[in-house]
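J.: Provided herewith is a single structure, encoded as structure tokens, for subsequent inquiry.
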Amino acid sequence: MQSMLRSPLIKRICYRMDDQFVNIWSETVRQLKLDSQNSALGLFDIDGKLLQANESMCEFLGTTKEELQPRNFLVNPNFSKLKQLSPDKNKLIFDSLLTIGNYSNNSFVLKAKVFRDEETFFIFAEADVINLFEENKKMSHLNQEVSNLQRQLIKEKFKLERTLIDLKETQQMLIHSEKMNAMGKLVAGVAHELNNPIAFVYGNLFSLDTYFNDYKNLFQEVESKIRNGIDNNFIPLIDEIKKKYEIDFLNEDVQDIIKETKIGIERVKVIVEDLRKFSRLDESEIKKVDIIDSINSTISILKSEIADRNLNFTFVSPDKLYLECYPGQLNQAILNLLINAIQAVDDNGIITMSLIENTENILISVKDNGIGIPQDIKDKIFDPFFTTKPVGSGTGLGLSIAYKIITDLHDGSIDVKSKEGHGAEFIVSLPKSLKI
């Protein structure tokens with residue numbers, strides 16, 4: 001304080017705030033004090049630094065007469081605006097409501113007069129100080145309560161938005177689940193209904209094959225007896241009949257037809273069996289199954305699309321490997337991953353699926369050489385309804401459903417390795433045994 005009083009500026013305007021002013025503002029202050037019951041007085045340099053203040057002004061500024069380090073300041077008008085105002089003959093530049101605060105929890109509005117000379121600002125403010133601070137405390141308390149309510153409302157709004165998203169997701173999952181269940185029942189029903197006619201046709205083919213061989217042997221025996229008999233007059237007749245009905249060609253062609261039909265029926269039987277395994281409605285609970293057999297049945301569902309697009313598809317795995325799982329649900333997850341890979345590659349693209357076993361887990365890899373996944377959407381690909389396909393081309397649920405089946409139902413995980421333009425690899429880790 002002593003060093004402050006020794007400065008040329010302070011020497012020129014030296015005064016005592018609790019007694020009387022003996023500087024250039026003394027007459028003004030004396031008159032103002034006469035007209036006001038409560039006053040807050042403050043002296044500032046031209047840049048807004050507090051030089052001196054009485055107790056009331058210190059309260060408003062959030063400091064003490066000894067510190068003179070305000071935590072509050074002029075908000076409206078501020079010192080930059082005050083500098084732009086021209087004083088009248090009494091050096092008065094402002095006579096209105098003045099706001100002092102800190103833009104957060106403190107704000108005081110005072111009826112004030114601001115005077116200025118070349119080097120200083122003098123502020124005189126009048127207010128019922130005790131009442132003002134009490135009202136300010138009440139206002140601060142109310143502001144705090146409003147802020148708390150606002151924060152609570154924001155939290156509740158976030159919860160409601162999250163609940164709405166969860167409900168929408170659950171609704172879509174249930175719809176998809178019902179669709180898959182309906183499709184599974186349809187597939188299982190078709191497979192069951194096809195079994196009987198296929199068995200009937202397959203059995204009849206064997207009978208037809210037997211009957212045709214009997215006919216063929218009969219004709220050959222008759223022909224042999226005629227050709228080896230005493231009377232050779234029937235030999236030209238036999239040759240004419242064989243030529244007319246192309247008996248030799250028919251013998252060969254009918255046998256080929258029966259053979260090819262048997263192969264076709266065998267393929268249909270395999271497809272029907274794969275459909276039955278894929279639907280697995282009789283295995284909706286946890287069951288230990290041959291995962292290789294399950295994956296092969298799933299791959300068979302996509303064989304036509306793989307062939308139509310001439311994709312280079314490879315499945316590398318052991319012959320058999322048993323896993324405790326929900327078979328039908330796991331088949332759906334693997335199907336979704338394969339469909340995602342197929343959609344990511346161009347015609348003649350490469351898709352490799354492999355399966356390896358370690359001590360506690362089974363790892364399933366689905367790798368493609370397709371377009372890859374941009375880094376900015378990599379964290380979103382398992383979000384429900386997220387899709388990069390055009391509107392109407394996809395639901396955005398395929399990978400999301402696969403993720404939930406693997407993580408929620410099977411306590412597994414999915415790791416994604418991808419670089420845009422360089423394909424992608426989805427690595428599924430499944431525990432060999434599930435905790436029920």
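To be explicit about the labels: the chains of the structure tokens are called A, B, and onward in the order shown, and within each one the residues are counted from 1, while ligands get numbers from 1 in the order they are shown.
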To test your reading of the structure, identify every residue in region 328-385 of chain A that backbone DSSP assigns to strand (DSSP E or B), and report it as JSON, numbers by chain.
T.: {"A": [350, 351, 352, 353, 354, 355, 356, 357, 361, 362, 363, 364, 365, 366, 367, 368]}
J.: Write out as number ranges by chain which residues come within 9 Å of region 236-244 of chain A when counting only C-alpha atoms, dropping same-chain ones fewer than 4 positions away.
T.: A: 223, 226-227, 232, 248
J.: Using only N, CA and C atoms, please write the residues we just selected to a file, as an mmCIF file, in the first residue's frame.
T.:
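So the final result, stored in out20.cif, reads:
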data_model
loop_
_atom_site.group_PDB
_atom_site.id
_atom_site.type_symbol
_atom_site.label_atom_id
_atom_site.label_comp_id
_atom_site.auth_asym_id
_atom_site.auth_seq_id
_atom_site.Cartn_x
_atom_site.Cartn_y
_atom_site.Cartn_z
ATOM 1 N N GLU A 223 -32.950 -111.983 -78.234
ATOM 2 C CA GLU A 223 -32.119 -111.732 -79.413
ATOM 3 C C GLU A 223 -31.069 -112.826 -79.576
ATOM 4 N N ILE A 226 -32.656 -116.050 -80.933
ATOM 5 C CA ILE A 226 -33.018 -115.943 -82.352
ATOM 6 C C ILE A 226 -31.772 -116.028 -83.216
ATOM 7 N N ARG A 227 -30.732 -115.336 -82.821
ATOM 8 C CA ARG A 227 -29.522 -115.329 -83.637
ATOM 9 C C ARG A 227 -28.812 -116.691 -83.609
ATOM 10 N N ASN A 232 -32.822 -118.713 -89.429
ATOM 11 C CA ASN A 232 -32.217 -117.382 -89.414
ATOM 12 C C ASN A 232 -33.103 -116.326 -90.067
ATOM 13 N N ASP A 248 -30.288 -99.881 -78.986
ATOM 14 C CA ASP A 248 -28.935 -99.740 -78.391
ATOM 15 C C ASP A 248 -28.769 -98.371 -77.725
#
J.: Record the distance separating CA of Leu51 (chain A) and CA of Leu97 (chain A), expressed in Å with one decimal.
T.: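 So the two atoms, CA of Leu51 (chain A) and CA of Leu97 (chain A), lie 22.1 Å apart.
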J.: Mind checking which residues fall within 12 Å of region 255-257 of chain A, counting only C-alpha atoms, ignoring those fewer than 3 positions away in the same chain, and posting them as a PyMOL selection string?
T.: chain A and resi 205-206+208-213+216+248-252+260-264
J.: When you look at Asp47 (chain A) with a cut-off of 9 Å (counting only C-alpha atoms), what residues show up, excluding the ones that are within fewer than 4 positions of it in the same chain? I need them as a list of chain:residue names.
T.: A:Phe79, A:Ser80, A:Lys83, A:Glu119, A:Thr120
J.: Distance CA of Ile381 (chain A)-CA of Val366 (chain A), one decimal place?
T.: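 So the answer is 15.5 Å.
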J.: Between A:Tyr215, A:Phe73, A:Tyr202, A:Phe122, which residue has the minimum interatomic distance to Ile100 (chain A), considering only C-alpha atoms?
T.: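 Ranking A:Tyr215, A:Phe73, A:Tyr202, A:Phe122 by distance to Ile100 (chain A), first place goes to A:Phe73.
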J.: As number ranges by chain, please: the residues near Glu66 (chain A) (cut-off 10 Å, only C-alpha atoms, same-chain neighbours under 3 positions excluded).
T.: A: 1, 52-53, 58, 63, 69
J.: What lies within 10 Å of Pro87 (chain A) using only C-alpha atoms, ignoring chain neighbours under 6 positions off, as a ChimeraX atom specification?
T.: /A:93-94,114-117
J.: Residues of the last selection are to be written out with C-alpha atoms, as a PDB file, in the first residue's frame.
T.:
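Dumped to out30.pdb:
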ATOM      1  CA  ILE A  93     -19.896  10.097 -18.383  1.00  0.00           C
ATOM      2  CA  PHE A  94     -22.519   7.591 -17.165  1.00  0.00           C
ATOM      3  CA  VAL A 114     -19.372   7.264 -13.378  1.00  0.00           C
ATOM      4  CA  PHE A 115     -16.995  10.231 -13.602  1.00  0.00           C
ATOM      5  CA  ARG A 116     -13.771  10.470 -15.505  1.00  0.00           C
ATOM      6  CA  ASP A 117     -10.694  12.623 -15.868  1.00  0.00           C
TER       7      ASP A 117
END
J.: Please, what distance in Å, to one decimal, runs between CA of Arg162 (chain A) and CA of Phe382 (chain A)?
T.: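 Atom-to-atom, CA of Arg162 (chain A) to CA of Phe382 (chain A), that is 16.8 Å.
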J.: Step one, run DSSP on the backbone; step two, keep only residues of region 78-161 of chain A assigned to alpha helix (DSSP H); then write them as a ChimeraX atom specification.
T.: /A:79-83,129-161
J.: Looking at only C-alpha atoms, which of A:Leu74, A:Leu409, A:Leu194, A:Ala333 is the one that sits closest to Lys269 (chain A)?
T.: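 Closest to Lys269 (chain A) of all the choices is A:Leu194.
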J.: Given only C-alpha atoms as the basis, pick out the residue of A:Ser104, A:Thr352, A:Thr298, A:Thr359 nearest to Leu335 (chain A).
T.: A:Thr298
